Amino acid sequence: MSTATDLQQGIREHLGQFSLHVLLVFATGLTIGSERAVVPVLGEDILGVESFLVIGSFVVSFGFVKALLNLYAGKWGEEYGRKPVLVLGWATALPLPLILIFAPSWNWIVFGNVLLGVNQALTWSMAINAKIDLAGPDQRGLAVGIDEAFGYTGVAAGAWITGVIAARTSLRPEPFYFLAAVVVLAFLISIFLIRETVQYAQAEGDDDHHDANLPFEEVLKRATYGDRTLFAAAQAGHVENFVDTLFWIAVPLYLTSQGLGIAAVGVVVGVHSAMYFFQIATGGLADRIGRRPPVVAGMFLAGGGVLGMVFVEGYIPWAVLAAVSGLGMALLYPNLMTVPGDAAHPTWRSAGMGVYRMWRDSGYGVGAILIGVTMEFVSAEAAFYVTAGLMFLSGAVVYVWMEETHPEFGTHEPPAPAAESAPGTASDD
């Protein structure tokens with residue numbers, strides 16, 4: 001009886017631990033946000049980097065490392081539990097502030113972003129899986145929405161705070177003292193206050209179901225191309241991160257080239273990320289109306305906001321369109337991630353979400369290369385056109401191929417079991 005009570009799911013039932021994970025994902029957002037407004041300008045003004053493609057290299061290193069570690073973070077979270085992976089992620093970030101403060105060349109910044117990619121993959125992957133473990137299927141969309149809302153509010157706050165610090169002091173070292181405090185505090189919370197949650201996922205599923213306990217290789221195939229709905233989610237996640245990359249690389253450099261000051265740039269970038277706070281509402285909305293409608297609407301709204309930024313001038317219009325694109329991201333971001341959470345059996349849900357997050361966050365690397373090349377050889381404005389066009393195309397793929405995955409009224413069904421799982425190989429009791 002006590003075991004059943006201990007393993008009861010629900011946000012209210014686990015408010016203390018759920019709140020700690022919200023605090024930690026906010027810290028994860030603060031960590032990456034601390035680079036958003038400052039580091040591209042640091043490379044150009046302090047380290048003398050003149051090539052947009054070279055400046056984009058720090059996002060390339062971040063994106064591909066985070067993508068690969070997302071894949072294995074999900075796998076490790078199943079095998080070793082959520083907490084050890086979370087602690088490892090924060091330990092990896094401890095050297096980052098020192099690297100950013102003392103880096104003598106851009107190569108050191110690129111190396112620092114390798115550590116940032118590891119940190120973001122391990123900490124954010126475990127934060128979202130822990131929240132889903134605790135919340136249960138009835139509140140899955142809300143849990144993902146809360147996670148992403150507070151994570152990206154952290155990104156916005158980090159960009160704004162470091163932008164203000166840089167404007168009042170200098171591009172370094174002062175902004176990165178703040179980053180150091182965030183990383184150390186999060187590391188200590190992970191060690192001393194966080195408890196393991198993997199047991200809730202293990203208790204949620206039926207191990208005798210034909211879709212349970214898939215091998216990791218099968219999960220990788222299923223979540224990549226073996227299921228048309230999961231493919232649609234993966235490609236949309238990959239492309240929508242081009243928008244995030246645009247606001248990391250192109251937007252600060254484009255706005256400063258138009259005469260906007262660094263503090264105002266931090267606000268514009270921060271406004272975009274601050275709109276992600278509405279993911280609490282959009283995740284809860286998807287629990288009621290389904291995942292597909294907000295994803296489709298979000299893809300086109302985010303693309304439209306990006307496209308509009310090159311047709312206006314001035315601080316306020318740029319901030320408004322940054323907010324529009326951020327609202328689109330708030331509609332699509334948590335609900336794309338909920339799709340593999342719905343479609344995966346609890347025995348491999350962490351691994352399945354890891355595969356989705358791998359494809360999604362490789363969009364940072366691919367997007368940084370694409371945006372950097374476009375800015376280098378065409379123009380900064382062209383990067384906005386390319387990003388918006390790809391968002392529209394990806395949204396069309398979602399509209400045509402993605403089925404609804406809501407646990408109660410979704411139309412999506414997992415692929416039929418393989419031949420070796422046919423009667424005679426599984427117990428019927």
# chains A, B, ... in the order shown; residues from 1 in each chain; ligands from 1
$ closest_atom_pairs --of "range 99-134 of chain A" --to "range 175-197 of chain A" --cutoff "8 Å" --atoms "only C-alpha atoms" --output "CSV"
residue,atom,partner,partner_atom,distance
A:Leu100,CA,A:Phe176,CA,7.1
A:Ile101,CA,A:Phe176,CA,6.6
A:Ala130,CA,A:Thr197,CA,5.8
A:Asp133,CA,A:Thr197,CA,6.2
A:Leu134,CA,A:Thr197,CA,6.9
$ residues_around --residues "Ala263 in chain A" --least-positions-apart "3" --cutoff "8 Å" --atoms "only C-alpha atoms" --output "list in words"
Trp160, Gly163, Val164, Ala166, Ala167, Gly266 and Val267 of chain A
$ write_last_selection --atoms "N, CA, C and O atoms" --output "PDB file, in the first residue's frame"
ATOM      1  N   TRP A 160      19.193  39.287 -20.899  1.00  0.00           N
ATOM      2  CA  TRP A 160      18.943  40.654 -20.445  1.00  0.00           C
ATOM      3  C   TRP A 160      19.935  41.076 -19.363  1.00  0.00           C
ATOM      4  O   TRP A 160      20.533  42.159 -19.435  1.00  0.00           O
ATOM      5  N   GLY A 163      23.429  41.456 -20.742  1.00  0.00           N
ATOM      6  CA  GLY A 163      23.464  42.623 -21.617  1.00  0.00           C
ATOM      7  C   GLY A 163      23.542  43.917 -20.826  1.00  0.00           C
ATOM      8  O   GLY A 163      24.314  44.825 -21.159  1.00  0.00           O
ATOM      9  N   VAL A 164      22.765  44.015 -19.741  1.00  0.00           N
ATOM     10  CA  VAL A 164      22.799  45.204 -18.882  1.00  0.00           C
ATOM     11  C   VAL A 164      24.154  45.328 -18.197  1.00  0.00           C
ATOM     12  O   VAL A 164      24.750  46.423 -18.133  1.00  0.00           O
ATOM     13  N   ALA A 166      27.020  44.133 -19.206  1.00  0.00           N
ATOM     14  CA  ALA A 166      28.035  44.489 -20.203  1.00  0.00           C
ATOM     15  C   ALA A 166      27.948  45.962 -20.579  1.00  0.00           C
ATOM     16  O   ALA A 166      28.972  46.629 -20.778  1.00  0.00           O
ATOM     17  N   ALA A 167      26.720  46.493 -20.678  1.00  0.00           N
ATOM     18  CA  ALA A 167      26.556  47.895 -21.047  1.00  0.00           C
ATOM     19  C   ALA A 167      27.081  48.824 -19.959  1.00  0.00           C
ATOM     20  O   ALA A 167      27.612  49.908 -20.250  1.00  0.00           O
ATOM     21  N   GLY A 266      20.107  43.193 -26.090  1.00  0.00           N
ATOM     22  CA  GLY A 266      19.786  42.206 -25.069  1.00  0.00           C
ATOM     23  C   GLY A 266      18.297  42.139 -24.774  1.00  0.00           C
ATOM     24  O   GLY A 266      17.739  41.066 -24.553  1.00  0.00           O
ATOM     25  N   VAL A 267      17.624  43.287 -24.808  1.00  0.00           N
ATOM     26  CA  VAL A 267      16.180  43.311 -24.580  1.00  0.00           C
ATOM     27  C   VAL A 267      15.434  42.636 -25.725  1.00  0.00           C
ATOM     28  O   VAL A 267      14.524  41.831 -25.510  1.00  0.00           O
TER      29      VAL A 267
END
$ closest_residue --among "A:Val251, A:Pro346, A:Asn241, A:Gly298" --to "Val366 in chain A" --atoms "only C-alpha atoms"
A:Asn241
$ residues_around --residues "Gly365 in chain A" --least-positions-apart "2" --cutoff "12 Å" --atoms "only C-alpha atoms" --output "PDB file with N, CA and C atoms, in the first residue's frame"
ATOM      1  N   LEU A  53      30.892  33.462 -40.414  1.00  0.00           N
ATOM      2  CA  LEU A  53      30.949  32.002 -40.368  1.00  0.00           C
ATOM      3  C   LEU A  53      31.781  31.539 -39.185  1.00  0.00           C
ATOM      4  N   GLY A  56      29.852  32.051 -36.028  1.00  0.00           N
ATOM      5  CA  GLY A  56      28.848  30.995 -35.896  1.00  0.00           C
ATOM      6  C   GLY A  56      29.413  29.674 -35.433  1.00  0.00           C
ATOM      7  N   SER A  57      30.741  29.509 -35.496  1.00  0.00           N
ATOM      8  CA  SER A  57      31.346  28.218 -35.149  1.00  0.00           C
ATOM      9  C   SER A  57      31.107  27.837 -33.700  1.00  0.00           C
ATOM     10  N   PHE A  58      30.942  28.828 -32.814  1.00  0.00           N
ATOM     11  CA  PHE A  58      30.724  28.468 -31.416  1.00  0.00           C
ATOM     12  C   PHE A  58      29.331  27.867 -31.215  1.00  0.00           C
ATOM     13  N   VAL A  59      28.375  28.246 -32.064  1.00  0.00           N
ATOM     14  CA  VAL A  59      27.060  27.621 -32.005  1.00  0.00           C
ATOM     15  C   VAL A  59      27.083  26.249 -32.677  1.00  0.00           C
ATOM     16  N   VAL A  60      27.895  26.101 -33.723  1.00  0.00           N
ATOM     17  CA  VAL A  60      28.047  24.792 -34.372  1.00  0.00           C
ATOM     18  C   VAL A  60      28.567  23.771 -33.371  1.00  0.00           C
ATOM     19  N   SER A  61      29.624  24.128 -32.650  1.00  0.00           N
ATOM     20  CA  SER A  61      30.186  23.196 -31.666  1.00  0.00           C
ATOM     21  C   SER A  61      29.157  22.873 -30.596  1.00  0.00           C
ATOM     22  N   PHE A  62      28.439  23.889 -30.141  1.00  0.00           N
ATOM     23  CA  PHE A  62      27.398  23.675 -29.137  1.00  0.00           C
ATOM     24  C   PHE A  62      26.313  22.733 -29.661  1.00  0.00           C
ATOM     25  N   GLY A  63      25.827  23.021 -30.878  1.00  0.00           N
ATOM     26  CA  GLY A  63      24.681  22.280 -31.400  1.00  0.00           C
ATOM     27  C   GLY A  63      24.957  20.809 -31.607  1.00  0.00           C
ATOM     28  N   PHE A  64      26.069  20.484 -32.239  1.00  0.00           N
ATOM     29  CA  PHE A  64      26.339  19.082 -32.530  1.00  0.00           C
ATOM     30  C   PHE A  64      26.685  18.296 -31.271  1.00  0.00           C
ATOM     31  N   VAL A  65      27.408  18.917 -30.347  1.00  0.00           N
ATOM     32  CA  VAL A  65      27.716  18.238 -29.084  1.00  0.00           C
ATOM     33  C   VAL A  65      26.438  18.012 -28.282  1.00  0.00           C
ATOM     34  N   LYS A  66      25.594  19.047 -28.199  1.00  0.00           N
ATOM     35  CA  LYS A  66      24.347  18.887 -27.456  1.00  0.00           C
ATOM     36  C   LYS A  66      23.457  17.822 -28.095  1.00  0.00           C
ATOM     37  N   ALA A  67      23.401  17.811 -29.419  1.00  0.00           N
ATOM     38  CA  ALA A  67      22.573  16.819 -30.111  1.00  0.00           C
ATOM     39  C   ALA A  67      23.018  15.403 -29.775  1.00  0.00           C
ATOM     40  N   LEU A  68      24.316  15.138 -29.877  1.00  0.00           N
ATOM     41  CA  LEU A  68      24.827  13.799 -29.593  1.00  0.00           C
ATOM     42  C   LEU A  68      24.611  13.416 -28.138  1.00  0.00           C
ATOM     43  N   ASN A 113      32.000  26.240 -25.560  1.00  0.00           N
ATOM     44  CA  ASN A 113      30.654  25.883 -25.976  1.00  0.00           C
ATOM     45  C   ASN A 113      30.469  24.386 -26.177  1.00  0.00           C
ATOM     46  N   VAL A 114      31.554  23.657 -26.310  1.00  0.00           N
ATOM     47  CA  VAL A 114      31.453  22.195 -26.250  1.00  0.00           C
ATOM     48  C   VAL A 114      30.983  21.788 -24.851  1.00  0.00           C
ATOM     49  N   GLY A 117      27.388  22.658 -24.480  1.00  0.00           N
ATOM     50  CA  GLY A 117      26.517  21.682 -25.129  1.00  0.00           C
ATOM     51  C   GLY A 117      26.291  20.455 -24.276  1.00  0.00           C
ATOM     52  N   HIS A 238      14.061  20.020 -35.675  1.00  0.00           N
ATOM     53  CA  HIS A 238      15.351  20.381 -36.271  1.00  0.00           C
ATOM     54  C   HIS A 238      15.296  21.779 -36.885  1.00  0.00           C
ATOM     55  N   VAL A 239      14.252  22.048 -37.663  1.00  0.00           N
ATOM     56  CA  VAL A 239      14.159  23.324 -38.376  1.00  0.00           C
ATOM     57  C   VAL A 239      13.812  24.471 -37.434  1.00  0.00           C
ATOM     58  N   ASN A 241      14.770  25.031 -34.563  1.00  0.00           N
ATOM     59  CA  ASN A 241      15.949  25.530 -33.859  1.00  0.00           C
ATOM     60  C   ASN A 241      16.772  26.481 -34.722  1.00  0.00           C
ATOM     61  N   PHE A 242      16.491  26.548 -36.026  1.00  0.00           N
ATOM     62  CA  PHE A 242      17.115  27.582 -36.849  1.00  0.00           C
ATOM     63  C   PHE A 242      16.700  28.971 -36.347  1.00  0.00           C
ATOM     64  N   ASP A 244      15.950  29.770 -33.200  1.00  0.00           N
ATOM     65  CA  ASP A 244      16.724  30.018 -31.990  1.00  0.00           C
ATOM     66  C   ASP A 244      18.161  30.404 -32.336  1.00  0.00           C
ATOM     67  N   THR A 245      18.737  29.714 -33.325  1.00  0.00           N
ATOM     68  CA  THR A 245      20.096  30.019 -33.753  1.00  0.00           C
ATOM     69  C   THR A 245      20.177  31.410 -34.369  1.00  0.00           C
ATOM     70  N   LEU A 246      19.161  31.790 -35.127  1.00  0.00           N
ATOM     71  CA  LEU A 246      19.124  33.127 -35.720  1.00  0.00           C
ATOM     72  C   LEU A 246      19.196  34.202 -34.638  1.00  0.00           C
ATOM     73  N   TRP A 248      20.512  33.872 -31.811  1.00  0.00           N
ATOM     74  CA  TRP A 248      21.774  33.749 -31.111  1.00  0.00           C
ATOM     75  C   TRP A 248      22.912  34.396 -31.909  1.00  0.00           C
ATOM     76  N   ILE A 249      22.887  34.222 -33.223  1.00  0.00           N
ATOM     77  CA  ILE A 249      23.995  34.702 -34.058  1.00  0.00           C
ATOM     78  C   ILE A 249      23.616  35.961 -34.828  1.00  0.00           C
ATOM     79  N   MET A 358      17.964  14.854 -30.012  1.00  0.00           N
ATOM     80  CA  MET A 358      19.165  14.825 -30.841  1.00  0.00           C
ATOM     81  C   MET A 358      18.903  15.504 -32.179  1.00  0.00           C
ATOM     82  N   TRP A 359      17.816  15.104 -32.852  1.00  0.00           N
ATOM     83  CA  TRP A 359      17.504  15.703 -34.151  1.00  0.00           C
ATOM     84  C   TRP A 359      17.147  17.166 -33.999  1.00  0.00           C
ATOM     85  N   ARG A 360      16.425  17.504 -32.935  1.00  0.00           N
ATOM     86  CA  ARG A 360      16.058  18.907 -32.730  1.00  0.00           C
ATOM     87  C   ARG A 360      17.305  19.771 -32.552  1.00  0.00           C
ATOM     88  N   ASP A 361      18.202  19.367 -31.667  1.00  0.00           N
ATOM     89  CA  ASP A 361      19.323  20.242 -31.329  1.00  0.00           C
ATOM     90  C   ASP A 361      20.467  20.169 -32.318  1.00  0.00           C
ATOM     91  N   SER A 362      20.473  19.153 -33.193  1.00  0.00           N
ATOM     92  CA  SER A 362      21.426  19.225 -34.303  1.00  0.00           C
ATOM     93  C   SER A 362      21.063  20.384 -35.224  1.00  0.00           C
ATOM     94  N   GLY A 363      19.810  20.874 -35.085  1.00  0.00           N
ATOM     95  CA  GLY A 363      19.407  22.069 -35.815  1.00  0.00           C
ATOM     96  C   GLY A 363      20.215  23.292 -35.438  1.00  0.00           C
ATOM     97  N   GLY A 367      21.820  24.856 -38.484  1.00  0.00           N
ATOM     98  CA  GLY A 367      21.348  26.221 -38.640  1.00  0.00           C
ATOM     99  C   GLY A 367      22.469  27.240 -38.559  1.00  0.00           C
ATOM    100  N   ALA A 368      23.435  27.003 -37.653  1.00  0.00           N
ATOM    101  CA  ALA A 368      24.559  27.937 -37.529  1.00  0.00           C
ATOM    102  C   ALA A 368      25.404  27.955 -38.794  1.00  0.00           C
ATOM    103  N   ILE A 369      25.615  26.779 -39.381  1.00  0.00           N
ATOM    104  CA  ILE A 369      26.375  26.720 -40.639  1.00  0.00           C
ATOM    105  C   ILE A 369      25.609  27.436 -41.747  1.00  0.00           C
ATOM    106  N   LEU A 370      24.324  27.117 -41.870  1.00  0.00           N
ATOM    107  CA  LEU A 370      23.501  27.715 -42.924  1.00  0.00           C
ATOM    108  C   LEU A 370      23.403  29.232 -42.763  1.00  0.00           C
ATOM    109  N   ILE A 371      23.129  29.679 -41.544  1.00  0.00           N
ATOM    110  CA  ILE A 371      22.990  31.112 -41.293  1.00  0.00           C
ATOM    111  C   ILE A 371      24.330  31.818 -41.457  1.00  0.00           C
ATOM    112  N   GLY A 372      25.416  31.191 -40.953  1.00  0.00           N
ATOM    113  CA  GLY A 372      26.735  31.795 -41.092  1.00  0.00           C
ATOM    114  C   GLY A 372      27.162  31.936 -42.541  1.00  0.00           C
TER     115      GLY A 372
END
$ residues_around --residues "Pro340 in chain A" --least-positions-apart "5" --cutoff "9 Å" --atoms "only C-alpha atoms" --output "JSON list (two decimals) with N, CA and C atoms, in the first residue's frame"
[["chain", "number", "residue", "atom", "x", "y", "z"],
["A", 223, "ALA", "N", 12.06, 6.49, -33.78],
["A", 223, "ALA", "CA", 11.88, 7.93, -33.55],
["A", 223, "ALA", "C", 12.47, 8.78, -34.66],
["A", 229, "THR", "N", 4.74, 10.07, -37.97],
["A", 229, "THR", "CA", 4.44, 11.16, -37.04],
["A", 229, "THR", "C", 5.69, 11.60, -36.29],
["A", 230, "LEU", "N", 6.49, 10.63, -35.84],
["A", 230, "LEU", "CA", 7.71, 10.98, -35.12],
["A", 230, "LEU", "C", 8.73, 11.61, -36.06],
["A", 233, "ALA", "N", 7.71, 15.21, -36.39],
["A", 233, "ALA", "CA", 8.11, 15.96, -35.20],
["A", 233, "ALA", "C", 9.61, 16.23, -35.19],
["A", 349, "ARG", "N", 10.69, 5.76, -23.01],
["A", 349, "ARG", "CA", 10.31, 7.15, -23.26],
["A", 349, "ARG", "C", 11.51, 8.10, -23.17],
["A", 352, "GLY", "N", 13.52, 7.61, -26.25],
["A", 352, "GLY", "CA", 12.82, 8.15, -27.41],
["A", 352, "GLY", "C", 12.86, 9.66, -27.46],
["A", 353, "MET", "N", 12.69, 10.29, -26.30],
["A", 353, "MET", "CA", 12.80, 11.75, -26.27],
["A", 353, "MET", "C", 14.23, 12.20, -26.52],
["A", 356, "TYR", "N", 14.56, 12.35, -30.26],
["A", 356, "TYR", "CA", 13.93, 13.58, -30.77],
["A", 356, "TYR", "C", 14.82, 14.79, -30.48],
["A", 405, "THR", "N", -1.37, 12.76, -31.22],
["A", 405, "THR", "CA", -0.83, 11.75, -30.30],
["A", 405, "THR", "C", -1.41, 11.87, -28.90]]
$ residues_around --residues "Val38 in chain A" --least-positions-apart "3" --cutoff "7 Å" --atoms "only C-alpha atoms" --output "short mmCIF file (atom, residue, chain, number, x, y, z; two decimals) with N, CA and C atoms, in the first residue's frame"
data_model
loop_
_atom_site.label_atom_id
_atom_site.label_comp_id
_atom_site.auth_asym_id
_atom_site.auth_seq_id
_atom_site.Cartn_x
_atom_site.Cartn_y
_atom_site.Cartn_z
N GLU A 35 25.18 33.83 -22.61
CA GLU A 35 26.01 33.99 -23.80
C GLU A 35 25.30 34.74 -24.93
N VAL A 41 29.11 39.56 -29.82
CA VAL A 41 29.73 40.89 -29.85
C VAL A 41 31.15 40.83 -29.27
N LEU A 42 31.35 40.00 -28.26
CA LEU A 42 32.69 39.79 -27.69
C LEU A 42 33.66 39.30 -28.76
N THR A 162 22.96 39.86 -18.52
CA THR A 162 24.35 40.03 -18.98
C THR A 162 24.48 41.19 -19.96
N GLY A 163 23.43 41.46 -20.74
CA GLY A 163 23.46 42.62 -21.62
C GLY A 163 23.54 43.92 -20.83
N LEU A 171 32.36 43.98 -21.72
CA LEU A 171 31.91 42.69 -22.25
C LEU A 171 32.43 41.51 -21.43
#
$ residues_around --residues "Gly341 in chain A" --least-positions-apart "5" --cutoff "12 Å" --atoms "only C-alpha atoms" --output "PyMOL selection string"
chain A and resi 74+128-129+131-133+136-141+143-144+201+223+230+233+291+334-336+346-357+405-407
$ select_by_dssp --residues "range 269-420 of chain A" --states "helix (DSSP H, G or I)" --output "compact mmCIF listing (two decimals) with C-alpha atoms, in the first residue's frame"
# COMPACT_ATOMS: atom_id res chain seq x y z
CA VAL A 269 16.76 38.93 -27.85
CA GLY A 270 15.35 38.58 -24.34
CA VAL A 271 11.81 39.49 -25.44
CA HIS A 272 11.87 36.67 -27.98
CA SER A 273 12.92 34.15 -25.34
CA ALA A 274 10.57 35.64 -22.71
CA MET A 275 7.57 34.72 -24.87
CA TYR A 276 8.50 31.11 -24.26
CA PHE A 277 6.99 31.57 -20.80
CA PHE A 278 3.61 31.16 -22.47
CA GLN A 279 4.53 27.49 -22.91
CA ILE A 280 2.83 26.90 -19.57
CA ALA A 281 -0.43 27.92 -21.23
CA THR A 282 0.25 26.27 -24.59
CA GLY A 283 1.32 22.99 -22.98
CA GLY A 284 -1.83 22.96 -20.86
CA LEU A 285 -3.88 23.90 -23.94
CA ALA A 286 -2.49 20.88 -25.80
CA ASP A 287 -3.67 18.63 -22.96
CA ARG A 288 -7.18 19.79 -23.89
CA ILE A 289 -7.18 20.27 -27.68
CA ARG A 292 -1.05 19.03 -33.56
CA PRO A 293 -3.03 22.33 -33.78
CA PRO A 294 -0.61 24.46 -31.72
CA VAL A 295 2.41 22.91 -33.47
CA VAL A 296 1.09 23.76 -36.94
CA ALA A 297 0.07 27.29 -35.91
CA GLY A 298 3.39 27.86 -34.16
CA MET A 299 5.53 26.89 -37.14
CA PHE A 300 3.89 29.49 -39.37
CA LEU A 301 3.67 32.21 -36.72
CA ALA A 302 7.37 31.89 -35.79
CA GLY A 303 8.37 31.97 -39.44
CA GLY A 304 6.23 35.05 -40.02
CA GLY A 305 7.78 36.91 -37.09
CA VAL A 306 11.29 36.19 -38.36
CA LEU A 307 10.41 37.31 -41.88
CA GLY A 308 8.86 40.54 -40.64
CA MET A 309 12.02 41.69 -38.82
CA VAL A 310 13.77 42.62 -42.08
CA PHE A 311 10.84 44.78 -43.23
CA TYR A 315 13.77 49.23 -31.47
CA ILE A 316 10.02 48.84 -30.80
CA PRO A 317 9.09 47.16 -34.14
CA TRP A 318 12.03 44.75 -33.81
CA ALA A 319 10.99 43.90 -30.25
CA VAL A 320 7.35 43.35 -31.30
CA LEU A 321 8.30 40.97 -34.13
CA ALA A 322 10.78 39.20 -31.88
CA ALA A 323 7.83 38.66 -29.53
CA VAL A 324 5.66 37.35 -32.39
CA SER A 325 8.26 34.78 -33.39
CA GLY A 326 8.71 33.89 -29.71
CA LEU A 327 4.96 33.31 -29.33
CA GLY A 328 5.07 30.96 -32.32
CA MET A 329 7.90 29.08 -30.67
CA ALA A 330 5.89 28.90 -27.45
CA LEU A 331 3.05 27.23 -29.35
CA LEU A 332 5.20 24.63 -31.09
CA TYR A 333 8.16 23.99 -28.81
CA PRO A 334 6.66 22.09 -25.84
CA ASN A 335 4.07 20.33 -27.92
CA LEU A 336 6.58 18.97 -30.42
CA MET A 337 8.47 17.49 -27.49
CA THR A 338 5.29 16.02 -26.02
CA VAL A 339 4.68 14.05 -29.24
CA PRO A 340 7.46 11.48 -28.60
CA GLY A 341 6.49 11.53 -24.91
CA ASP A 342 2.97 10.45 -25.95
CA ALA A 343 4.06 7.97 -28.61
CA ARG A 349 10.31 7.15 -23.26
CA SER A 350 13.52 8.80 -22.01
CA ALA A 351 15.50 7.21 -24.86
CA GLY A 352 12.82 8.15 -27.41
CA MET A 353 12.80 11.75 -26.27
CA GLY A 354 16.58 11.68 -26.41
CA VAL A 355 16.40 10.75 -30.10
CA TYR A 356 13.93 13.58 -30.77
CA ARG A 357 16.14 16.03 -28.88
CA MET A 358 19.17 14.83 -30.84
CA TRP A 359 17.50 15.70 -34.15
CA ARG A 360 16.06 18.91 -32.73
CA ASP A 361 19.32 20.24 -31.33
CA SER A 362 21.43 19.23 -34.30
CA GLY A 363 19.41 22.07 -35.82
CA TYR A 364 21.65 24.43 -33.85
CA GLY A 365 24.71 23.13 -35.70
CA VAL A 366 23.11 22.90 -39.14
CA GLY A 367 21.35 26.22 -38.64
CA ALA A 368 24.56 27.94 -37.53
CA ILE A 369 26.37 26.72 -40.64
CA LEU A 370 23.50 27.72 -42.92
CA ILE A 371 22.99 31.11 -41.29
CA GLY A 372 26.73 31.80 -41.09
CA VAL A 373 27.29 30.93 -44.76
CA THR A 374 24.29 33.03 -45.80
CA MET A 375 25.47 36.04 -43.80
CA GLU A 376 29.04 35.62 -45.05
CA PHE A 377 28.33 35.30 -48.76
CA ALA A 380 22.42 39.31 -42.91
CA GLU A 381 18.90 39.94 -44.22
CA ALA A 382 19.10 36.81 -46.39
CA ALA A 383 19.55 34.68 -43.26
CA PHE A 384 16.13 35.87 -42.07
CA TYR A 385 14.54 34.99 -45.44
CA VAL A 386 16.10 31.50 -45.47
CA THR A 387 15.06 30.74 -41.88
CA ALA A 388 11.48 31.88 -42.43
CA GLY A 389 11.15 29.92 -45.69
CA LEU A 390 12.34 26.70 -44.08
CA MET A 391 9.92 27.18 -41.19
CA PHE A 392 7.02 27.48 -43.65
CA LEU A 393 8.15 24.34 -45.52
CA SER A 394 8.63 22.34 -42.32
CA GLY A 395 5.23 23.46 -41.06
CA ALA A 396 3.67 22.09 -44.24
CA VAL A 397 5.28 18.69 -43.59
CA VAL A 398 3.80 18.70 -40.08
CA TYR A 399 0.37 19.60 -41.45
CA VAL A 400 0.43 16.74 -43.97
CA TRP A 401 2.11 13.94 -41.99
CA ALA A 419 7.72 -10.63 -36.91
CA GLU A 420 9.89 -11.88 -34.07
$ atom_distance --atom1 "CA of Val312 in chain A" --atom2 "CA of Gly261 in chain A"
17.1 Å
$ atom_distance --atom1 "CA of Leu116 in chain A" --atom2 "CA of Leu23 in chain A"
18.3 Å
$ closest_residue --among "A:Gly151, A:Gly10, A:Pro173, A:Gly112" --to "Leu24 in chain A" --atoms "only C-alpha atoms"
A:Gly151
$ atom_distance --atom1 "CA of Thr224 in chain A" --atom2 "CA of Gly81 in chain A"
23.9 Å
